[in-house]
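Colleague: To start, I am sharing the structure in question, which I have written as structure tokens.
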Amino acid sequence: MKRKLRFIYRLLYASFGPQHWWPARTPFEVAIGAILTQNTSWLNVEKAIGNLRKHGLLSADRLRRIPRGRLGGYIRSAGYYNVKAGRLKEFLDFLYKTYRGDLGNAASVPTRTLREQLLSVKGIGPETADSILLYALNRPVFVIDAYTRRVLSRHRLVREHADYDQLQKLFSDNLAPEPAVYNEYHALLVKLAKDFCLKSKPRCRQCPLASLPKD
DNA sequence: GACCAGGCACATC
DNA sequence: GATGTGCATGGT
């Protein structure tokens with residue numbers, strides 16, 4: 001499986017090239033995006049973040065002070081805006097209570113501890129926690145999402161009903177803990193899912209993974 | 001107009 | 001432990 005996962009990575013990278021997911025932004029902004037993008041297209045999230053920026057609200061302090069109802073108004077485009085405004089508030093409470101409002105103060109905290117802390121925040125589940133860990137804090141944590149699940153199961157790399165932790169283990173057991181690679185690999189799997197695994201069968205013949213050896 | 005999108009909490013069986 | 005439901009906008 002080690003060889004296979006590395007082979008797939010090289011294949012996808014050669015086919016699609018670098019995907020540039022969540023490059024240079026502040027860790028705080030990445031965390032906000034991670035919550036806003038729950039079950040939502042990134043395009044709609046960008047609008048919401050742009051709106052927050054336009055109103056000078058992209059700071060922990062400003063977001064903490066604004067009432068939940070008003071916050072919802074600014075993030076409408078991201079959908080579920082009432083739910084998400086509440087989740088952002090929960091995250092900010094945690095951020096201030098635990099790290100004085102600055103994720104930078106989490107730098108020396110072990111990844112496992114940090115993950116448990118994030119998961120204890122209401123509204124932050126495994127994918128959101130792991131997105132924050134990987135994309136905002138550069139920790140070697142592989143992010144699993146609906147696309148990853150679809151690709152792995154469509155290509156029979158995992159059994160159909162494997163849960164989040166099992167899927168994640170597949171990668172962490174078989175890849176060196178390198179955040180840049182985890183970042184790129186995940187993005188490439190999403191690209192593959194969008195271009196092929198969602199499409200009709202004819203396109204699947206041209207799928208870069210179609211030539212994958214049977215173990 | 002139908003379907004989908006970088007989930008999660010909560011209820012129910 | 002599995003399965004169902006509410007949450008909601010905007011693109012295709």
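Letters A, B, ... mark the chains of the structure tokens in the order given; residue numbers begin at 1 per chain; ligand numbers begin at 1, in order shown.
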Select, as a list in words, those residues of chain C with any atom no more than 8 Å from chain A (distances computed using only C-alpha atoms (C1' of nucleotides)).

Modeller: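 Using only C-alpha atoms (C1' of nucleotides), chain C residues at most 8 Å from chain A: DC7, DA8, DT9 and DG10 of chain C.
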
Colleague: Please produce a file of those selected residues containing C-alpha atoms (C1' of nucleotides), as a PDB file, in the first residue's frame.

Modeller:
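New file part.pdb:
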ATOM      1  C1'  DC C   7     -29.488  23.849   8.294  1.00  0.00           C
ATOM      2  C1'  DA C   8     -29.461  27.593   3.147  1.00  0.00           C
ATOM      3  C1'  DT C   9     -27.048  30.036  -0.447  1.00  0.00           C
ATOM      4  C1'  DG C  10     -25.455  30.085  -5.196  1.00  0.00           C
TER       5       DG C  10
END

Colleague: Within 9 Å of chain A, which residues belong to chain B? Use only C-alpha atoms (C1' of nucleotides) and report them as a VMD selection string.

Modeller: chain B and resid 5 to 9

Colleague: To one decimal place in Å, what is the distance between atom CA of A:Arg6 and atom CA of A:Thr111?

Modeller: 24.0 Å

Colleague: Within 12 Å of C:DT12, counting only C-alpha atoms (C1' of nucleotides), which residues qualify if same-chain residues fewer than 4 places away don't, as a PyMOL selection string?

Modeller: chain B and resi 2-5

Colleague: From a DSSP calculation on the backbone, collect every residue of stretch 18-79 of chain A in helix (DSSP H, G or I) and output the set as an MDAnalysis selection string.

Modeller: chainID A and resid 27:36 42:54 60:65 68:74 76:78

Colleague: Distance atom CA of A:Leu103-atom CA of A:Phe28, one decimal place?

Modeller: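 Computing it gives 6.9 Å between the two atoms.
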
Colleague: Fewer than 6 positions away in the same chain doesn't count, so skip those; otherwise give me all residues within 9 Å of A:Ile8, counting only C-alpha atoms (C1' of nucleotides), as a PyMOL selection string.

Modeller: chain A and resi 208-209+212

Colleague: Find the residues around A:Ile132 up to 8 Å (only C-alpha atoms (C1' of nucleotides) counted), leave out those fewer than 3 positions away in its own chain, and share them as a list in words.

Modeller: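 Close residues of A:Ile132: Pro27, Val30, Ala31, Ala34, Thr128, Ala129, Tyr135, Ala136 and Leu137 of chain A.
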
Colleague: Output the selection as a CSV table (one decimal), in the first residue's frame - N, CA and C atoms for each residue.

Modeller:
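As a result, again.csv now contains:
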chain,number,residue,atom,x,y,z
A,27,PRO,N,-3.4,32.2,9.4
A,27,PRO,CA,-4.0,31.0,10.1
A,27,PRO,C,-5.4,31.3,10.5
A,30,VAL,N,-7.7,31.1,7.6
A,30,VAL,CA,-7.9,29.8,7.1
A,30,VAL,C,-8.9,29.0,8.0
A,31,ALA,N,-8.8,29.3,9.3
A,31,ALA,CA,-9.7,28.6,10.3
A,31,ALA,C,-11.2,29.1,10.0
A,34,ALA,N,-12.4,27.3,7.0
A,34,ALA,CA,-12.6,25.9,7.3
A,34,ALA,C,-14.0,25.7,7.8
A,128,THR,N,-13.1,19.7,9.7
A,128,THR,CA,-12.8,21.1,10.0
A,128,THR,C,-11.6,21.2,10.9
A,129,ALA,N,-11.5,20.3,11.9
A,129,ALA,CA,-10.4,20.3,12.8
A,129,ALA,C,-9.1,20.0,12.1
A,135,TYR,N,-3.9,23.2,7.2
A,135,TYR,CA,-3.8,24.4,6.3
A,135,TYR,C,-3.4,25.6,7.1
A,136,ALA,N,-3.9,25.7,8.4
A,136,ALA,CA,-3.6,26.9,9.1
A,136,ALA,C,-2.3,26.8,10.0
A,137,LEU,N,-2.1,25.6,10.5
A,137,LEU,CA,-1.0,25.4,11.5
A,137,LEU,C,0.1,24.5,10.9

Colleague: Using only C-alpha atoms (C1' of nucleotides), which protein or nucleic acid residues come within 12 Å of B:DC13? Drop anything in the same chain fewer than 6 positions from it, and give the result as a compact mmCIF listing (two decimals) with N, CA and C atoms (P, O5', C5', C4', C3', O3' and C1' of nucleotides), in the first residue's frame.

Modeller:
# COMPACT_ATOMS: atom_id res chain seq x y z
P DG C 1 -19.89 1.14 19.06
O5' DG C 1 -20.83 1.08 17.76
C5' DG C 1 -20.88 -0.15 17.03
C4' DG C 1 -21.93 -0.01 15.98
C3' DG C 1 -21.60 1.00 14.89
O3' DG C 1 -21.94 0.41 13.64
C1' DG C 1 -23.71 1.50 15.83
P DA C 2 -21.58 1.01 12.24
O5' DA C 2 -23.02 1.35 11.64
C5' DA C 2 -23.89 0.29 11.26
C4' DA C 2 -25.27 0.83 11.00
C3' DA C 2 -25.35 1.83 9.83
O3' DA C 2 -26.41 1.44 8.97
C1' DA C 2 -26.35 2.76 11.78
P DT C 3 -26.64 2.07 7.53
O5' DT C 3 -28.14 2.61 7.55
C5' DT C 3 -28.93 2.52 8.72
C4' DT C 3 -29.85 3.74 8.82
C3' DT C 3 -29.78 4.73 7.65
O3' DT C 3 -31.10 5.03 7.23
C1' DT C 3 -29.55 5.88 9.67
P DG C 4 -31.51 6.06 6.11
O5' DG C 4 -32.05 7.28 6.97
C5' DG C 4 -33.13 7.05 7.89
C4' DG C 4 -33.66 8.36 8.44
C3' DG C 4 -33.81 9.47 7.40
O3' DG C 4 -35.00 10.19 7.72
C1' DG C 4 -32.31 10.19 9.09
